[in-house]
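> One file is attached below, entry28.pdb, containing PDB, C-alpha atoms.
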```
ATOM      1  CA  MET Q  43      12.648  10.929  21.594  1.00  0.00           C
ATOM      2  CA  GLY Q  44      14.995  13.688  20.449  1.00  0.00           C
ATOM      3  CA  SER Q  45      16.775  14.041  17.135  1.00  0.00           C
ATOM      4  CA  LYS Q  46      19.949  12.427  18.508  1.00  0.00           C
ATOM      5  CA  ARG Q  47      20.347   8.776  17.511  1.00  0.00           C
ATOM      6  CA  PRO Q  48      20.007   6.527  20.587  1.00  0.00           C
ATOM      7  CA  GLU Q  49      22.655   3.935  21.315  1.00  0.00           C
ATOM      8  CA  ILE Q  50      21.873   0.351  20.316  1.00  0.00           C
ATOM      9  CA  GLY Q  51      20.479  -1.529  23.305  1.00  0.00           C
ATOM     10  CA  SER Q  52      19.285   1.593  25.107  1.00  0.00           C
ATOM     11  CA  ARG Q  53      15.696   1.986  26.283  1.00  0.00           C
ATOM     12  CA  VAL Q  54      13.753   4.582  24.311  1.00  0.00           C
ATOM     13  CA  THR Q  55      10.316   6.053  25.007  1.00  0.00           C
ATOM     14  CA  ALA Q  56       8.323   7.506  22.105  1.00  0.00           C
ATOM     15  CA  TRP Q  57       4.583   8.187  21.797  1.00  0.00           C
ATOM     16  CA  GLY Q  58       3.992   6.558  25.186  1.00  0.00           C
ATOM     17  CA  TYR Q  59       5.722   3.310  24.218  1.00  0.00           C
ATOM     18  CA  THR Q  60       9.047   2.135  25.666  1.00  0.00           C
ATOM     19  CA  PHE Q  61      11.225  -0.235  23.663  1.00  0.00           C
ATOM     20  CA  GLU Q  62      14.838  -1.310  23.137  1.00  0.00           C
ATOM     21  CA  TRP Q  63      16.631   0.525  20.319  1.00  0.00           C
ATOM     22  CA  THR Q  64      18.139  -1.767  17.656  1.00  0.00           C
ATOM     23  CA  ALA Q  65      20.144  -1.301  14.469  1.00  0.00           C
ATOM     24  CA  GLU Q  66      16.898  -1.723  12.500  1.00  0.00           C
ATOM     25  CA  HIS Q  67      15.146   1.247  14.125  1.00  0.00           C
ATOM     26  CA  GLN Q  68      15.163   4.535  12.245  1.00  0.00           C
ATOM     27  CA  THR Q  69      14.989   8.111  13.447  1.00  0.00           C
ATOM     28  CA  ALA Q  70      12.709  10.803  12.026  1.00  0.00           C
ATOM     29  CA  GLU Q  71      15.675  12.112  10.044  1.00  0.00           C
ATOM     30  CA  ASP Q  72      16.225   8.650   8.538  1.00  0.00           C
ATOM     31  CA  LEU Q  73      12.593   8.519   7.427  1.00  0.00           C
ATOM     32  CA  ARG Q  74      12.477  12.050   6.042  1.00  0.00           C
ATOM     33  CA  PRO Q  75      13.594  11.022   2.484  1.00  0.00           C
ATOM     34  CA  LEU Q  76      10.377   9.002   2.201  1.00  0.00           C
ATOM     35  CA  MET Q  77       8.515  12.322   2.071  1.00  0.00           C
ATOM     36  CA  PHE Q  78      10.133  13.012  -1.277  1.00  0.00           C
ATOM     37  CA  SER Q  79      10.256   9.570  -2.928  1.00  0.00           C
ATOM     38  CA  TYR Q  80       7.534   7.593  -4.656  1.00  0.00           C
ATOM     39  CA  ASP Q  81       6.959   4.599  -6.932  1.00  0.00           C
ATOM     40  CA  GLU Q  82       8.588   6.006 -10.021  1.00  0.00           C
ATOM     41  CA  LEU Q  83       8.747   2.690 -11.909  1.00  0.00           C
ATOM     42  CA  ALA Q  84       4.982   2.047 -11.769  1.00  0.00           C
ATOM     43  CA  THR Q  85       4.264   5.666 -12.715  1.00  0.00           C
ATOM     44  CA  LYS Q  86       6.594   5.443 -15.710  1.00  0.00           C
ATOM     45  CA  CYS Q  87       4.905   2.201 -16.766  1.00  0.00           C
ATOM     46  CA  LEU Q  88       1.532   3.958 -16.852  1.00  0.00           C
ATOM     47  CA  ASP Q  89       3.088   6.583 -19.100  1.00  0.00           C
ATOM     48  CA  ARG Q  90       4.341   3.755 -21.297  1.00  0.00           C
ATOM     49  CA  PHE Q  91       0.812   2.296 -21.483  1.00  0.00           C
ATOM     50  CA  ASP Q  92      -0.255   5.687 -22.790  1.00  0.00           C
ATOM     51  CA  ALA Q  93       2.483   5.656 -25.408  1.00  0.00           C
ATOM     52  CA  LEU Q  94       1.375   2.173 -26.508  1.00  0.00           C
ATOM     53  CA  GLY Q  95      -2.242   3.364 -26.795  1.00  0.00           C
ATOM     54  CA  CYS Q  96      -3.492   1.110 -23.984  1.00  0.00           C
ATOM     55  CA  LEU Q  97      -5.188   3.773 -21.855  1.00  0.00           C
ATOM     56  CA  PRO Q  98      -8.247   5.819 -22.845  1.00  0.00           C
ATOM     57  CA  ALA Q  99      -7.611   9.512 -23.295  1.00  0.00           C
ATOM     58  CA  ARG Q 100      -8.990  12.057 -20.857  1.00  0.00           C
ATOM     59  CA  ASN Q 101     -10.691  15.166 -22.160  1.00  0.00           C
ATOM     60  CA  LYS Q 102      -8.453  17.898 -20.802  1.00  0.00           C
ATOM     61  CA  ALA Q 103      -8.821  17.058 -17.143  1.00  0.00           C
ATOM     62  CA  LYS Q 104      -8.372  20.232 -15.113  1.00  0.00           C
ATOM     63  CA  PRO Q 105      -8.735  20.942 -11.408  1.00  0.00           C
ATOM     64  CA  LYS Q 106     -11.890  22.681 -10.312  1.00  0.00           C
ATOM     65  CA  SER Q 107     -12.354  24.919  -7.311  1.00  0.00           C
ATOM     66  CA  ASP Q 108     -13.874  22.067  -5.274  1.00  0.00           C
ATOM     67  CA  GLY Q 109     -10.745  19.935  -5.675  1.00  0.00           C
ATOM     68  CA  LYS Q 110     -12.209  17.557  -8.244  1.00  0.00           C
ATOM     69  CA  GLU Q 111     -11.208  17.301 -11.852  1.00  0.00           C
ATOM     70  CA  SER Q 112     -13.334  18.215 -14.810  1.00  0.00           C
ATOM     71  CA  GLY Q 113     -13.483  16.396 -18.099  1.00  0.00           C
ATOM     72  CA  ASP Q 114     -14.984  13.066 -19.095  1.00  0.00           C
ATOM     73  CA  ALA Q 115     -13.035   9.882 -18.527  1.00  0.00           C
ATOM     74  CA  SER Q 116     -13.579   6.564 -20.289  1.00  0.00           C
ATOM     75  CA  PRO Q 117     -13.703   3.324 -18.281  1.00  0.00           C
ATOM     76  CA  GLN Q 118     -10.244   2.244 -17.245  1.00  0.00           C
ATOM     77  CA  PRO Q 119      -8.880  -1.136 -18.409  1.00  0.00           C
ATOM     78  CA  ASP Q 120      -7.520  -3.726 -15.991  1.00  0.00           C
ATOM     79  CA  LEU Q 121      -3.999  -2.439 -15.376  1.00  0.00           C
ATOM     80  CA  TYR Q 122      -2.779  -5.786 -14.068  1.00  0.00           C
ATOM     81  CA  GLU Q 123      -3.871  -7.590 -17.208  1.00  0.00           C
ATOM     82  CA  LEU Q 124      -2.228  -4.897 -19.328  1.00  0.00           C
ATOM     83  CA  LEU Q 125       1.052  -5.341 -17.474  1.00  0.00           C
ATOM     84  CA  ARG Q 126       0.889  -9.135 -17.640  1.00  0.00           C
ATOM     85  CA  ASP Q 127      -0.055  -9.363 -21.304  1.00  0.00           C
ATOM     86  CA  ARG Q 128       2.148  -6.595 -22.693  1.00  0.00           C
ATOM     87  CA  ALA Q 129       5.266  -6.786 -20.536  1.00  0.00           C
ATOM     88  CA  HIS Q 130       7.145  -8.558 -23.337  1.00  0.00           C
ATOM     89  CA  GLU Q 131       6.558  -5.597 -25.668  1.00  0.00           C
ATOM     90  CA  ASP Q 132       8.499  -3.038 -23.680  1.00  0.00           C
ATOM     91  CA  GLU Q 133      11.682  -3.064 -21.603  1.00  0.00           C
ATOM     92  CA  LEU Q 134      10.233  -0.867 -18.833  1.00  0.00           C
ATOM     93  CA  LEU Q 135       7.069  -2.951 -18.502  1.00  0.00           C
ATOM     94  CA  GLN Q 136       9.186  -6.103 -18.440  1.00  0.00           C
ATOM     95  CA  GLN Q 137      11.315  -4.599 -15.670  1.00  0.00           C
ATOM     96  CA  LEU Q 138       8.253  -4.016 -13.491  1.00  0.00           C
ATOM     97  CA  TRP Q 139       6.817  -7.458 -14.281  1.00  0.00           C
ATOM     98  CA  ASP Q 140      10.110  -9.185 -13.436  1.00  0.00           C
ATOM     99  CA  GLU Q 141      10.325  -7.180 -10.221  1.00  0.00           C
ATOM    100  CA  VAL Q 142       6.874  -8.098  -8.934  1.00  0.00           C
ATOM    101  CA  THR Q 143       7.014 -11.780  -9.936  1.00  0.00           C
ATOM    102  CA  ALA Q 144      10.481 -12.474  -8.483  1.00  0.00           C
ATOM    103  CA  VAL Q 145      10.188 -14.056  -5.018  1.00  0.00           C
ATOM    104  CA  PRO Q 146      13.068 -12.884  -2.745  1.00  0.00           C
ATOM    105  CA  ASP Q 147      15.194 -15.538  -1.062  1.00  0.00           C
ATOM    106  CA  TRP Q 148      14.238 -14.246   2.389  1.00  0.00           C
ATOM    107  CA  VAL Q 149      10.527 -15.015   1.953  1.00  0.00           C
ATOM    108  CA  ASP Q 150       9.480 -17.675   4.473  1.00  0.00           C
ATOM    109  CA  TRP Q 151       6.201 -19.235   3.359  1.00  0.00           C
ATOM    110  CA  ASP Q 152       5.789 -21.028   6.702  1.00  0.00           C
ATOM    111  CA  GLU Q 153       5.914 -17.689   8.533  1.00  0.00           C
ATOM    112  CA  ILE Q 154       3.418 -16.236   6.077  1.00  0.00           C
ATOM    113  CA  ALA Q 155       1.076 -19.156   6.719  1.00  0.00           C
ATOM    114  CA  ARG Q 156       1.466 -18.618  10.484  1.00  0.00           C
ATOM    115  CA  GLY Q 157       0.670 -14.931  10.119  1.00  0.00           C
ATOM    116  CA  GLN Q 158      -2.446 -15.745   8.091  1.00  0.00           C
ATOM    117  CA  LYS Q 159      -3.620 -18.143  10.798  1.00  0.00           C
ATOM    118  CA  VAL Q 160      -3.091 -15.477  13.447  1.00  0.00           C
ATOM    119  CA  PHE Q 161      -5.140 -13.031  11.387  1.00  0.00           C
ATOM    120  CA  TYR Q 162      -8.086 -15.404  11.023  1.00  0.00           C
ATOM    121  CA  ARG Q 163      -7.981 -16.468  14.667  1.00  0.00           C
ATOM    122  CA  TYR Q 164      -8.316 -12.811  15.692  1.00  0.00           C
ATOM    123  CA  ALA Q 165     -10.143 -11.661  12.566  1.00  0.00           C
ATOM    124  CA  GLY Q 166     -12.800  -9.752  14.518  1.00  0.00           C
ATOM    125  CA  PRO Q 167     -10.540  -7.312  16.376  1.00  0.00           C
ATOM    126  CA  ALA Q 168      -8.081  -7.260  13.451  1.00  0.00           C
ATOM    127  CA  ILE Q 169     -10.733  -6.097  10.985  1.00  0.00           C
ATOM    128  CA  ILE Q 170     -12.079  -3.553  13.471  1.00  0.00           C
ATOM    129  CA  GLY Q 171      -8.548  -2.243  13.925  1.00  0.00           C
ATOM    130  CA  LEU Q 172      -7.997  -2.165  10.173  1.00  0.00           C
ATOM    131  CA  THR Q 173     -11.227  -0.217   9.660  1.00  0.00           C
ATOM    132  CA  PHE Q 174     -11.066   2.310  12.481  1.00  0.00           C
ATOM    133  CA  GLN Q 175      -7.303   2.678  12.975  1.00  0.00           C
ATOM    134  CA  ALA Q 176      -5.695   2.146   9.576  1.00  0.00           C
ATOM    135  CA  LEU Q 177      -8.445   3.312   7.201  1.00  0.00           C
ATOM    136  CA  LEU Q 178     -10.659   5.785   9.046  1.00  0.00           C
ATOM    137  CA  GLY Q 179      -7.756   6.752  11.289  1.00  0.00           C
ATOM    138  CA  GLY Q 180      -5.632   7.348   8.217  1.00  0.00           C
ATOM    139  CA  MET Q 181      -8.273   9.731   6.937  1.00  0.00           C
ATOM    140  CA  ALA Q 182      -7.372  11.987   9.864  1.00  0.00           C
ATOM    141  CA  SER Q 183      -3.904  12.452   8.402  1.00  0.00           C
ATOM    142  CA  PRO Q 184      -3.655  15.804   6.549  1.00  0.00           C
ATOM    143  CA  ARG Q 185      -1.630  14.325   3.675  1.00  0.00           C
ATOM    144  CA  VAL Q 186      -4.046  11.424   3.188  1.00  0.00           C
ATOM    145  CA  VAL Q 187      -7.122  13.645   3.411  1.00  0.00           C
ATOM    146  CA  GLU Q 188      -5.646  16.126   0.934  1.00  0.00           C
ATOM    147  CA  THR Q 189      -4.947  13.377  -1.600  1.00  0.00           C
ATOM    148  CA  LEU Q 190      -8.430  11.838  -1.227  1.00  0.00           C
ATOM    149  CA  THR Q 191     -10.178  15.209  -1.414  1.00  0.00           C
ATOM    150  CA  ARG Q 192      -8.322  16.383  -4.491  1.00  0.00           C
ATOM    151  CA  THR Q 193      -8.938  13.114  -6.364  1.00  0.00           C
ATOM    152  CA  GLY Q 194     -12.613  12.689  -5.410  1.00  0.00           C
ATOM    153  CA  GLY Q 195     -11.937   9.765  -3.048  1.00  0.00           C
ATOM    154  CA  PHE Q 196     -13.590  11.379  -0.020  1.00  0.00           C
ATOM    155  CA  GLY Q 197     -17.182  11.167  -1.257  1.00  0.00           C
ATOM    156  CA  VAL Q 198     -19.706   9.099   0.700  1.00  0.00           C
ATOM    157  CA  ASN Q 199     -20.230   6.473  -1.988  1.00  0.00           C
ATOM    158  CA  VAL Q 200     -16.582   6.345  -2.965  1.00  0.00           C
ATOM    159  CA  ALA Q 201     -15.375   5.957   0.634  1.00  0.00           C
ATOM    160  CA  ARG Q 202     -17.783   3.064   1.252  1.00  0.00           C
ATOM    161  CA  HIS Q 203     -16.663   1.343  -1.930  1.00  0.00           C
ATOM    162  CA  ARG Q 204     -13.024   1.890  -0.931  1.00  0.00           C
ATOM    163  CA  LEU Q 205     -13.596   0.261   2.471  1.00  0.00           C
ATOM    164  CA  LEU Q 206     -15.208  -2.788   0.880  1.00  0.00           C
ATOM    165  CA  GLU Q 207     -12.441  -3.068  -1.719  1.00  0.00           C
ATOM    166  CA  THR Q 208      -9.803  -2.928   1.009  1.00  0.00           C
ATOM    167  CA  LEU Q 209     -11.576  -5.670   2.972  1.00  0.00           C
ATOM    168  CA  GLN Q 210     -11.710  -7.825  -0.168  1.00  0.00           C
ATOM    169  CA  HIS Q 211      -7.991  -7.244  -0.694  1.00  0.00           C
ATOM    170  CA  ILE Q 212      -7.188  -8.272   2.900  1.00  0.00           C
ATOM    171  CA  LEU Q 213      -9.228 -11.466   2.541  1.00  0.00           C
ATOM    172  CA  ALA Q 214      -7.509 -12.275  -0.757  1.00  0.00           C
ATOM    173  CA  ILE Q 215      -3.973 -11.967   0.593  1.00  0.00           C
ATOM    174  CA  THR Q 216      -4.699 -13.870   3.824  1.00  0.00           C
ATOM    175  CA  HIS Q 217      -6.625 -16.740   2.277  1.00  0.00           C
ATOM    176  CA  SER Q 218      -3.606 -19.078   2.023  1.00  0.00           C
ATOM    177  CA  PRO Q 219       0.154 -18.861   1.338  1.00  0.00           C
ATOM    178  CA  THR Q 220      -0.445 -19.843  -2.272  1.00  0.00           C
ATOM    179  CA  SER Q 221      -2.736 -16.829  -2.707  1.00  0.00           C
ATOM    180  CA  LEU Q 222       0.424 -14.686  -2.680  1.00  0.00           C
ATOM    181  CA  HIS Q 223       2.207 -16.704  -5.338  1.00  0.00           C
ATOM    182  CA  PRO Q 224       2.633 -14.911  -8.690  1.00  0.00           C
ATOM    183  CA  ASN Q 225      -0.630 -14.801 -10.660  1.00  0.00           C
ATOM    184  CA  SER Q 226      -2.680 -15.989  -7.649  1.00  0.00           C
ATOM    185  CA  PRO Q 227      -5.662 -13.936  -6.358  1.00  0.00           C
ATOM    186  CA  GLY Q 228      -3.833 -12.189  -3.502  1.00  0.00           C
ATOM    187  CA  PHE Q 229      -0.853 -11.403  -5.715  1.00  0.00           C
ATOM    188  CA  VAL Q 230      -3.064 -10.036  -8.507  1.00  0.00           C
ATOM    189  CA  SER Q 231      -5.006  -7.877  -6.047  1.00  0.00           C
ATOM    190  CA  THR Q 232      -1.794  -6.457  -4.595  1.00  0.00           C
ATOM    191  CA  ILE Q 233      -0.357  -5.493  -7.982  1.00  0.00           C
ATOM    192  CA  ARG Q 234      -3.659  -3.845  -8.893  1.00  0.00           C
ATOM    193  CA  VAL Q 235      -3.438  -1.761  -5.705  1.00  0.00           C
ATOM    194  CA  ARG Q 236       0.118  -0.699  -6.571  1.00  0.00           C
ATOM    195  CA  LEU Q 237      -0.910   0.348 -10.068  1.00  0.00           C
ATOM    196  CA  LEU Q 238      -4.006   2.102  -8.706  1.00  0.00           C
ATOM    197  CA  HIS Q 239      -1.852   4.209  -6.372  1.00  0.00           C
ATOM    198  CA  ALA Q 240       0.453   5.026  -9.269  1.00  0.00           C
ATOM    199  CA  SER Q 241      -2.596   6.016 -11.333  1.00  0.00           C
ATOM    200  CA  VAL Q 242      -3.776   8.454  -8.644  1.00  0.00           C
ATOM    201  CA  ARG Q 243      -0.285   9.914  -8.401  1.00  0.00           C
ATOM    202  CA  ARG Q 244      -0.124  10.273 -12.172  1.00  0.00           C
ATOM    203  CA  ARG Q 245      -3.501  12.038 -12.223  1.00  0.00           C
ATOM    204  CA  ILE Q 246      -2.284  14.556  -9.658  1.00  0.00           C
ATOM    205  CA  LEU Q 247       0.875  15.168 -11.679  1.00  0.00           C
ATOM    206  CA  SER Q 248      -1.312  15.730 -14.735  1.00  0.00           C
ATOM    207  CA  LEU Q 249      -3.442  18.268 -12.889  1.00  0.00           C
ATOM    208  CA  THR Q 250      -0.382  20.163 -11.694  1.00  0.00           C
ATOM    209  CA  THR Q 251       0.593  20.807 -15.325  1.00  0.00           C
ATOM    210  CA  HIS Q 252      -2.414  23.186 -15.491  1.00  0.00           C
ATOM    211  CA  ASN Q 253      -1.813  24.638 -12.031  1.00  0.00           C
ATOM    212  CA  PRO Q 254       1.671  24.028 -10.544  1.00  0.00           C
ATOM    213  CA  SER Q 255       0.483  25.096  -7.080  1.00  0.00           C
ATOM    214  CA  TYR Q 256      -2.409  22.626  -7.124  1.00  0.00           C
ATOM    215  CA  TYR Q 257      -0.457  19.983  -5.217  1.00  0.00           C
ATOM    216  CA  PRO Q 258       2.979  20.465  -3.628  1.00  0.00           C
ATOM    217  CA  SER Q 259       4.436  17.093  -4.658  1.00  0.00           C
ATOM    218  CA  PRO Q 260       3.335  13.598  -5.756  1.00  0.00           C
ATOM    219  CA  PRO Q 261       1.879  11.532  -2.868  1.00  0.00           C
ATOM    220  CA  PRO Q 262       5.065  10.084  -1.351  1.00  0.00           C
ATOM    221  CA  GLU Q 263       5.934   6.713   0.150  1.00  0.00           C
ATOM    222  CA  SER Q 264       5.595   7.744   3.788  1.00  0.00           C
ATOM    223  CA  PRO Q 265       1.734   7.824   3.931  1.00  0.00           C
ATOM    224  CA  SER Q 266       1.608   4.472   2.112  1.00  0.00           C
ATOM    225  CA  THR Q 267       4.069   2.961   4.582  1.00  0.00           C
ATOM    226  CA  THR Q 268       2.104   4.332   7.531  1.00  0.00           C
ATOM    227  CA  SER Q 269      -1.124   2.880   6.150  1.00  0.00           C
ATOM    228  CA  MET Q 270       0.437  -0.565   5.693  1.00  0.00           C
ATOM    229  CA  LEU Q 271       1.994  -0.584   9.170  1.00  0.00           C
ATOM    230  CA  SER Q 272      -1.118   0.601  11.036  1.00  0.00           C
ATOM    231  CA  PRO Q 273      -2.824  -2.846  11.251  1.00  0.00           C
ATOM    232  CA  GLN Q 274       0.489  -4.415  12.297  1.00  0.00           C
ATOM    233  CA  SER Q 275       0.859  -1.982  15.174  1.00  0.00           C
ATOM    234  CA  LEU Q 276      -2.271  -3.242  16.939  1.00  0.00           C
ATOM    235  CA  PRO Q 277      -1.553  -4.633  20.423  1.00  0.00           C
ATOM    236  CA  SER Q 278      -1.117  -8.416  20.486  1.00  0.00           C
ATOM    237  CA  PRO Q 279      -3.668 -10.394  22.545  1.00  0.00           C
ATOM    238  CA  PRO Q 280      -2.543 -11.264  26.090  1.00  0.00           C
ATOM    239  CA  PRO Q 281      -1.000 -14.739  26.586  1.00  0.00           C
ATOM    240  CA  SER Q 282      -4.271 -16.074  28.018  1.00  0.00           C
ATOM    241  CA  CYS Q 283      -5.890 -15.425  24.625  1.00  0.00           C
ATOM    242  CA  THR Q 284      -3.326 -17.441  22.712  1.00  0.00           C
ATOM    243  CA  SER Q 285      -4.012 -20.780  24.369  1.00  0.00           C
ATOM    244  CA  PRO Q 286      -5.124 -23.432  24.322  1.00  0.00           C
ATOM    245  CA  SER Q 287      -4.529 -24.061  20.643  1.00  0.00           C
ATOM    246  CA  PRO Q 288      -6.678 -26.526  18.714  1.00  0.00           C
ATOM    247  CA  PRO Q 289      -5.592 -30.161  19.197  1.00  0.00           C
ATOM    248  CA  GLY Q 290      -2.506 -30.947  17.174  1.00  0.00           C
ATOM    249  CA  HIS Q 291      -1.671 -27.278  16.556  1.00  0.00           C
ATOM    250  CA  PRO Q 292       1.141 -25.327  18.274  1.00  0.00           C
ATOM    251  CA  PRO Q 293       0.404 -21.886  19.755  1.00  0.00           C
ATOM    252  CA  LEU Q 294       0.305 -19.229  17.033  1.00  0.00           C
ATOM    253  CA  LEU Q 295       1.635 -16.444  19.231  1.00  0.00           C
ATOM    254  CA  PRO Q 296       4.507 -16.703  21.711  1.00  0.00           C
ATOM    255  CA  LYS Q 297       3.524 -16.703  25.366  1.00  0.00           C
TER     256      LYS Q 297
END
```
Could you spell out this file's structure in structure tokens?


Amino acid sequence: MGSKRPEIGSRVTAWGYTFEWTAEHQTAEDLRPLMFSYDELATKCLDRFDALGCLPARNKAKPKSDGKESGDASPQPDLYELLRDRAHEDELLQQLWDEVTAVPDWVDWDEIARGQKVFYRYAGPAIIGLTFQALLGGMASPRVVETLTRTGGFGVNVARHRLLETLQHILAITHSPTSLHPNSPGFVSTIRVRLLHASVRRRILSLTTHNPSYYPSPPPESPSTTSMLSPQSLPSPPPSCTSPSPPGHPPLLPK
């Protein structure tokens, strides 16, 4: 697909896949701003935790030649609990808390429940796809690998722990629709992931204060979006795999 925007309704072929172009599709130029934007609100909230004395101080963390940072670091507190318990003390923290606990009008809990059932029906191939396409496949992306290497997330023990944590997160958010309600396990896990990503970004920004050329820019939204969409891009099972449904249950996937 070239740089020219296709007409709505036209057939487009990209990366070996042919589909009908809609108003919701975006070109590479439309997506380019995501390379320069990131979760500024969560990052600012971590700075505010520092100002409130909630986070342990690091001992002059500096980048080393092997891409890791030097300096001792104290155990990190639970960032979700900090946000929940101290949101009322600060306007910025309250803004983030209100944002993550507000349920948009367009959320359809019945569709979420249906999606969770689809995931568990095909949990085997879904988890394999998540592991080898989204996670390990994502580690083949230069931007992802650079971030993991520079923050120590590419070590053998760390990578294994990261895979298990991601699996636990997936199970938490797909357990039931109520698991995504504010303050429920899936919701709590998701907010922790958001704050964890902001923490990594903040660490990189801190390291660049000692060496401005250490990292070109904060890890942007585009790799995060790609990682989240990878499991959803797995091919759907053929119609023969979607039926028959258990007695009393409609088919989960359209034929």

> Given the file shown, determine the residues that the PyMOL selection byres ((chain Q and resi 117-131) around 12) selects; report them as a VMD selection string.

chain Q and resid 84 to 85 87 to 88 90 to 100 114 to 116 132 to 143 224 to 225 227 229 to 241

> Limited to C-alpha atoms, could you put the picked residues into a file as a CSV table (one decimal), keeping the file's coordinate frame?


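Contents of out03.csv, as written:
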```
chain,number,residue,atom,x,y,z
Q,84,ALA,CA,5.0,2.0,-11.8
Q,85,THR,CA,4.3,5.7,-12.7
Q,87,CYS,CA,4.9,2.2,-16.8
Q,88,LEU,CA,1.5,4.0,-16.9
Q,90,ARG,CA,4.3,3.8,-21.3
Q,91,PHE,CA,0.8,2.3,-21.5
Q,92,ASP,CA,-0.3,5.7,-22.8
Q,93,ALA,CA,2.5,5.7,-25.4
Q,94,LEU,CA,1.4,2.2,-26.5
Q,95,GLY,CA,-2.2,3.4,-26.8
Q,96,CYS,CA,-3.5,1.1,-24.0
Q,97,LEU,CA,-5.2,3.8,-21.9
Q,98,PRO,CA,-8.2,5.8,-22.8
Q,99,ALA,CA,-7.6,9.5,-23.3
Q,100,ARG,CA,-9.0,12.1,-20.9
Q,114,ASP,CA,-15.0,13.1,-19.1
Q,115,ALA,CA,-13.0,9.9,-18.5
Q,116,SER,CA,-13.6,6.6,-20.3
Q,132,ASP,CA,8.5,-3.0,-23.7
Q,133,GLU,CA,11.7,-3.1,-21.6
Q,134,LEU,CA,10.2,-0.9,-18.8
Q,135,LEU,CA,7.1,-3.0,-18.5
Q,136,GLN,CA,9.2,-6.1,-18.4
Q,137,GLN,CA,11.3,-4.6,-15.7
Q,138,LEU,CA,8.3,-4.0,-13.5
Q,139,TRP,CA,6.8,-7.5,-14.3
Q,140,ASP,CA,10.1,-9.2,-13.4
Q,141,GLU,CA,10.3,-7.2,-10.2
Q,142,VAL,CA,6.9,-8.1,-8.9
Q,143,THR,CA,7.0,-11.8,-9.9
Q,224,PRO,CA,2.6,-14.9,-8.7
Q,225,ASN,CA,-0.6,-14.8,-10.7
Q,227,PRO,CA,-5.7,-13.9,-6.4
Q,229,PHE,CA,-0.9,-11.4,-5.7
Q,230,VAL,CA,-3.1,-10.0,-8.5
Q,231,SER,CA,-5.0,-7.9,-6.0
Q,232,THR,CA,-1.8,-6.5,-4.6
Q,233,ILE,CA,-0.4,-5.5,-8.0
Q,234,ARG,CA,-3.7,-3.8,-8.9
Q,235,VAL,CA,-3.4,-1.8,-5.7
Q,236,ARG,CA,0.1,-0.7,-6.6
Q,237,LEU,CA,-0.9,0.3,-10.1
Q,238,LEU,CA,-4.0,2.1,-8.7
Q,239,HIS,CA,-1.9,4.2,-6.4
Q,240,ALA,CA,0.5,5.0,-9.3
Q,241,SER,CA,-2.6,6.0,-11.3
```

> Which residues come within 9 Å of segment 51-54 of chain Q, counting all atoms listed in the file, excluding same-chain residues fewer than 4 positions away, as a PyMOL selection string?

chain Q and resi 43+59-65

> Would you write out, as a list in words, every residue that the PyMOL selection byres ((chain Q and resi 154-160) around 7) captures in this file?

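Applying the PyMOL selection byres ((chain Q and resi 154-160) around 7) to the structure shown produces Asp150, Trp151, Asp152, Glu153, Phe161, Tyr162, Arg163, Tyr164, Thr216, Ser218, Pro219 and Leu294 of chain Q.
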
> Just the number, please: distance in Å from atom CA of Ala201 of chain Q to atom CA of Thr173 of chain Q, one decimal.

11.7 Å

> So that I can check the surroundings of Arg47 of chain Q, please list as a ChimeraX atom specification every protein, DNA and RNA residue that reaches within 10 Å of it, counting all atoms listed in the file and ignoring chain neighbours fewer than 4 positions away.

/Q:43,63,67-72

> If I only have part of segment 79-86 of chain Q, can you fill in N, CA, C and O atoms and write it as a PDB file, in the frame of the given file?


```pdb
ATOM      1  N   SER Q  79      10.085  10.665  -1.973  1.00  0.00           N
ATOM      2  CA  SER Q  79      10.256   9.570  -2.928  1.00  0.00           C
ATOM      3  C   SER Q  79       8.913   8.893  -3.180  1.00  0.00           C
ATOM      4  O   SER Q  79       8.011   8.952  -2.341  1.00  0.00           O
ATOM      5  N   TYR Q  80       8.781   8.282  -4.334  1.00  0.00           N
ATOM      6  CA  TYR Q  80       7.534   7.593  -4.656  1.00  0.00           C
ATOM      7  C   TYR Q  80       7.829   6.490  -5.668  1.00  0.00           C
ATOM      8  O   TYR Q  80       8.977   6.291  -6.094  1.00  0.00           O
ATOM      9  N   ASP Q  81       6.809   5.750  -6.036  1.00  0.00           N
ATOM     10  CA  ASP Q  81       6.959   4.599  -6.932  1.00  0.00           C
ATOM     11  C   ASP Q  81       7.135   5.090  -8.370  1.00  0.00           C
ATOM     12  O   ASP Q  81       6.183   5.115  -9.152  1.00  0.00           O
ATOM     13  N   GLU Q  82       8.337   5.443  -8.701  1.00  0.00           N
ATOM     14  CA  GLU Q  82       8.588   6.006 -10.021  1.00  0.00           C
ATOM     15  C   GLU Q  82       8.418   4.967 -11.135  1.00  0.00           C
ATOM     16  O   GLU Q  82       7.948   5.295 -12.229  1.00  0.00           O
ATOM     17  N   LEU Q  83       8.817   3.712 -10.864  1.00  0.00           N
ATOM     18  CA  LEU Q  83       8.747   2.690 -11.909  1.00  0.00           C
ATOM     19  C   LEU Q  83       7.310   2.449 -12.356  1.00  0.00           C
ATOM     20  O   LEU Q  83       7.022   2.423 -13.569  1.00  0.00           O
ATOM     21  N   ALA Q  84       6.378   2.284 -11.404  1.00  0.00           N
ATOM     22  CA  ALA Q  84       4.982   2.047 -11.769  1.00  0.00           C
ATOM     23  C   ALA Q  84       4.395   3.257 -12.492  1.00  0.00           C
ATOM     24  O   ALA Q  84       3.618   3.108 -13.448  1.00  0.00           O
ATOM     25  N   THR Q  85       4.764   4.462 -12.061  1.00  0.00           N
ATOM     26  CA  THR Q  85       4.264   5.666 -12.715  1.00  0.00           C
ATOM     27  C   THR Q  85       4.764   5.759 -14.152  1.00  0.00           C
ATOM     28  O   THR Q  85       4.008   6.105 -15.077  1.00  0.00           O
ATOM     29  N   LYS Q  86       6.036   5.429 -14.360  1.00  0.00           N
ATOM     30  CA  LYS Q  86       6.594   5.443 -15.710  1.00  0.00           C
ATOM     31  C   LYS Q  86       5.931   4.379 -16.585  1.00  0.00           C
ATOM     32  O   LYS Q  86       5.741   4.584 -17.791  1.00  0.00           O
TER      33      LYS Q  86
END
```
